[in-house]
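> Have a look at this one.
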Amino acid sequence: MAAIINDAAELGLMLHKSPGHLYENLRQFHVALDPVTHRVVATGGLSIIWANLSEIVALAVSADQRGKGLGRRLVEACVQDARELGIRQVMSLTYEQVFFERLGFSVVDRQQLPMKVWADCIHCPKNAACDEIAMIRVLDDVPDVGAPKPGAGGVALPVLAGGRGPS
Ligand SMILES: CC(C)(COP(=O)(O)OP(=O)(O)OC[C@H]1O[C@@H](n2cnc3c(N)ncnc32)[C@H](O)[C@@H]1OP(=O)(O)O)[C@@H](O)C(=O)NCCC(=O)NCCS
């Protein structure tokens with residue numbers, strides 16, 4: 001996985017990922033295996049940003065395996081993860097606008113994704129100089145639970161026995 005991702009990163013197409021980062025986040029990834037050698041030939045994962053926002057991360061197909069539908073299958077697997085988790089929006093920061101448009105994503109202003117900017121972009125070496133295109137796919141069959149309703153107040157917490165409740 002690291003070799004495929006970091007080969008693409010060397011070309012400036014995505015950010016590098018360390019083996020440590022990949023182990024730490026391994027459960028968010030899908031991979032495609034070569035049926036003969038059983039080596040990983042494509043990888044991509046879904047990272048949760050917020051209750052209503054997730055992100056396709058580290059999507060890369062080996063250079064000799066591109067154009068065979070593996071990228072599409074990995075994105076659709078990540079979108080299905082978002083659906084099963086009840087996360088309505090899936091985003092990507094990418095240079096591959098046409099590829100993501102084919103998969104139902106649309107270009108948005110990055111500033112429309114404040115949770116992503118606050119959580120990740122401020123730590124990114126590109127940050128203010130980021131030239132990646134922000135794209136989003138809204139899953140119409142998933143209810144929007146992330147946006148607080150006007151006047152709804154906070155979440156009611158149970159009062160603990162013998163106390164005044166959580167502080
Ligand atoms: C972008 C990438 C993941 C696409 O994977 P892939 O397996 O080659 O793509 P697919 O074969 O699944 O293509 C799906 C569709 O997108 C189209 N497509 C794929 N790459 C495209 C490109 N660079 N430009 C235009 N269309 C493209 C295909 O023609 C296909 O269209 P169709 O099935 O609707 O006719 C792959 O090229 C890659 O790993 N690139 C380097 C790393 C990278 O840029 N990752 C994206 C980081 S967000």
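Here, A, B, ... name the chains of the structure tokens in the order displayed, residue numbers run from 1 inside each chain, and ligands are numbered from 1 in the same displayed order.
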Select the residues contacting ligand 1 at a distance of at most 6 Å, based on only C-alpha atoms and all ligand atoms, then format the selection as a short mmCIF file (atom, residue, chain, number, x, y, z; two decimals) with N, CA and C atoms, in the first residue's frame.

data_model
loop_
_atom_site.label_atom_id
_atom_site.label_comp_id
_atom_site.auth_asym_id
_atom_site.auth_seq_id
_atom_site.Cartn_x
_atom_site.Cartn_y
_atom_site.Cartn_z
N ALA A 8 2.75 7.60 -6.23
CA ALA A 8 1.91 8.69 -6.74
C ALA A 8 2.26 10.00 -6.04
N LEU A 13 0.90 13.89 -6.83
CA LEU A 13 -0.53 13.64 -7.04
C LEU A 13 -1.29 13.50 -5.74
N MET A 14 -0.61 13.24 -4.66
CA MET A 14 -1.26 13.05 -3.35
C MET A 14 -0.22 13.21 -2.26
N LEU A 59 -6.29 7.33 -2.20
CA LEU A 59 -6.80 6.51 -3.32
C LEU A 59 -5.71 6.44 -4.39
N ALA A 60 -5.23 5.24 -4.66
CA ALA A 60 -4.19 5.10 -5.68
C ALA A 60 -4.23 3.70 -6.28
N VAL A 61 -4.07 3.66 -7.59
CA VAL A 61 -4.03 2.40 -8.34
C VAL A 61 -2.63 2.30 -8.94
N ARG A 66 -4.13 0.92 -14.08
CA ARG A 66 -5.14 1.99 -14.21
C ARG A 66 -6.01 1.76 -15.45
N GLY A 67 -7.20 2.36 -15.41
CA GLY A 67 -8.11 2.26 -16.55
C GLY A 67 -8.86 0.95 -16.62
N LYS A 68 -8.84 0.16 -15.53
CA LYS A 68 -9.52 -1.14 -15.52
C LYS A 68 -10.70 -1.17 -14.56
N GLY A 69 -11.06 0.01 -14.03
CA GLY A 69 -12.22 0.07 -13.14
C GLY A 69 -11.90 -0.11 -11.67
N LEU A 70 -10.61 -0.28 -11.31
CA LEU A 70 -10.28 -0.50 -9.89
C LEU A 70 -10.53 0.76 -9.06
N GLY A 71 -10.18 1.93 -9.61
CA GLY A 71 -10.42 3.18 -8.87
C GLY A 71 -11.90 3.36 -8.59
N ARG A 72 -12.72 3.11 -9.60
CA ARG A 72 -14.18 3.21 -9.41
C ARG A 72 -14.66 2.27 -8.30
N LEU A 93 -10.29 15.68 -1.86
CA LEU A 93 -9.41 16.76 -2.34
C LEU A 93 -8.52 16.12 -3.38
N THR A 94 -8.57 16.59 -4.61
CA THR A 94 -7.99 15.82 -5.71
C THR A 94 -7.55 16.70 -6.87
N GLU A 96 -7.92 14.91 -9.77
CA GLU A 96 -8.60 14.05 -10.75
C GLU A 96 -10.08 14.42 -10.85
N VAL A 98 -12.17 14.89 -13.42
CA VAL A 98 -13.05 14.15 -14.35
C VAL A 98 -13.37 12.77 -13.79
N PHE A 99 -12.35 12.11 -13.21
CA PHE A 99 -12.58 10.79 -12.60
C PHE A 99 -13.68 10.88 -11.55
N ARG A 102 -17.16 11.46 -12.91
CA ARG A 102 -17.76 10.22 -13.43
C ARG A 102 -18.42 9.40 -12.32
#
> Could you pull out all residues of segment 26-131 of chain A with a DSSP call of strand (DSSP E) and give them as a compact mmCIF listing (two decimals) with C-alpha atoms, in the first residue's frame?

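The result, stored in part28.txt:
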# COMPACT_ATOMS: atom_id res chain seq x y z
CA PHE A 29 -8.89 0.97 3.88
CA HIS A 30 -10.04 -1.19 1.01
CA VAL A 31 -7.53 -2.83 -1.30
CA ALA A 32 -7.61 -4.64 -4.63
CA LEU A 33 -5.35 -7.68 -5.00
CA VAL A 40 -1.96 -5.13 -3.43
CA VAL A 41 -2.49 -3.24 -6.71
CA ALA A 42 -4.88 -0.51 -5.55
CA THR A 43 -5.86 1.09 -2.29
CA GLY A 44 -8.20 3.72 -0.89
CA GLY A 45 -10.02 4.46 2.35
CA LEU A 46 -12.78 6.43 3.98
CA SER A 47 -11.86 8.82 6.78
CA ILE A 48 -14.57 10.22 9.05
CA ILE A 49 -14.34 14.01 9.35
CA TRP A 50 -17.62 14.80 11.14
CA LEU A 53 -18.84 14.45 6.36
CA SER A 54 -16.34 11.78 5.32
CA GLU A 55 -13.39 11.80 2.93
CA ILE A 56 -11.88 9.44 0.38
CA VAL A 57 -8.20 9.20 1.34
CA ALA A 58 -5.05 7.72 -0.16
CA LEU A 59 -6.80 6.51 -3.32
CA ALA A 60 -4.19 5.10 -5.68
CA VAL A 61 -4.03 2.40 -8.34
CA GLN A 89 -21.51 13.56 2.42
CA VAL A 90 -18.33 12.08 0.93
CA MET A 91 -15.62 14.49 -0.14
CA SER A 92 -12.28 14.34 -1.91
CA LEU A 93 -9.41 16.76 -2.34
CA THR A 94 -7.99 15.82 -5.71
CA SER A 106 -19.24 17.81 -7.91
CA VAL A 107 -16.74 20.60 -7.36
> Would you please extract all alpha helix (DSSP H) residues from segment 60-119 of chain A, as assigned by DSSP on the backbone, and give them as a PyMOL selection string?
chain A and resi 70-85+97-102+114-119
> Please dump the current selection as a short mmCIF file (atom, residue, chain, number, x, y, z; two decimals), in the first residue's frame; keep C-alpha atoms.

data_model
loop_
_atom_site.label_atom_id
_atom_site.label_comp_id
_atom_site.auth_asym_id
_atom_site.auth_seq_id
_atom_site.Cartn_x
_atom_site.Cartn_y
_atom_site.Cartn_z
CA LEU A 70 -10.28 -0.50 -9.89
CA GLY A 71 -10.42 3.18 -8.87
CA ARG A 72 -14.18 3.21 -9.41
CA ARG A 73 -14.65 0.04 -7.35
CA LEU A 74 -12.61 1.40 -4.46
CA VAL A 75 -14.51 4.70 -4.42
CA GLU A 76 -17.84 2.86 -4.51
CA ALA A 77 -16.69 0.64 -1.62
CA CYS A 78 -15.84 3.78 0.39
CA VAL A 79 -19.17 5.38 -0.51
CA GLN A 80 -20.92 2.23 0.70
CA ASP A 81 -18.99 2.51 3.99
CA ALA A 82 -20.27 6.09 4.36
CA ARG A 83 -23.83 4.93 3.63
CA GLU A 84 -23.62 2.15 6.23
CA LEU A 85 -22.20 4.61 8.77
CA GLN A 97 -11.73 16.14 -11.36
CA VAL A 98 -13.05 14.15 -14.35
CA PHE A 99 -12.58 10.79 -12.60
CA PHE A 100 -14.58 11.95 -9.57
CA GLU A 101 -17.23 13.61 -11.76
CA ARG A 102 -17.76 10.22 -13.43
CA PRO A 114 -15.08 23.99 7.45
CA MET A 115 -14.85 20.75 9.46
CA LYS A 116 -12.25 19.42 7.02
CA VAL A 117 -10.32 22.68 7.04
CA TRP A 118 -10.30 22.85 10.86
CA ALA A 119 -9.52 19.19 11.43
#
> Give me the residues within 12 Å of Cys121 of chain A as a ChimeraX atom specification, counting only C-alpha atoms and dropping any in the same chain fewer than 5 places off.
/A:15,49,93,110-111,113-116,126-132,134
> Which residue, A:Ile136, A:Val36, A:Leu26, A:Ala63, has the smallest gap to Ala3 of chain A when you use only C-alpha atoms?
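Comparing A:Ile136, A:Val36, A:Leu26, A:Ala63 against Ala3 of chain A, the winner is A:Ala63.
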> I need the residue nearest Arg137 of chain A from this list: A:Leu103, A:Gln112, A:Cys124, A:Ser62. Use only C-alpha atoms for the distance.
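Counting only C-alpha atoms, the residue closest to Arg137 of chain A is A:Leu103.
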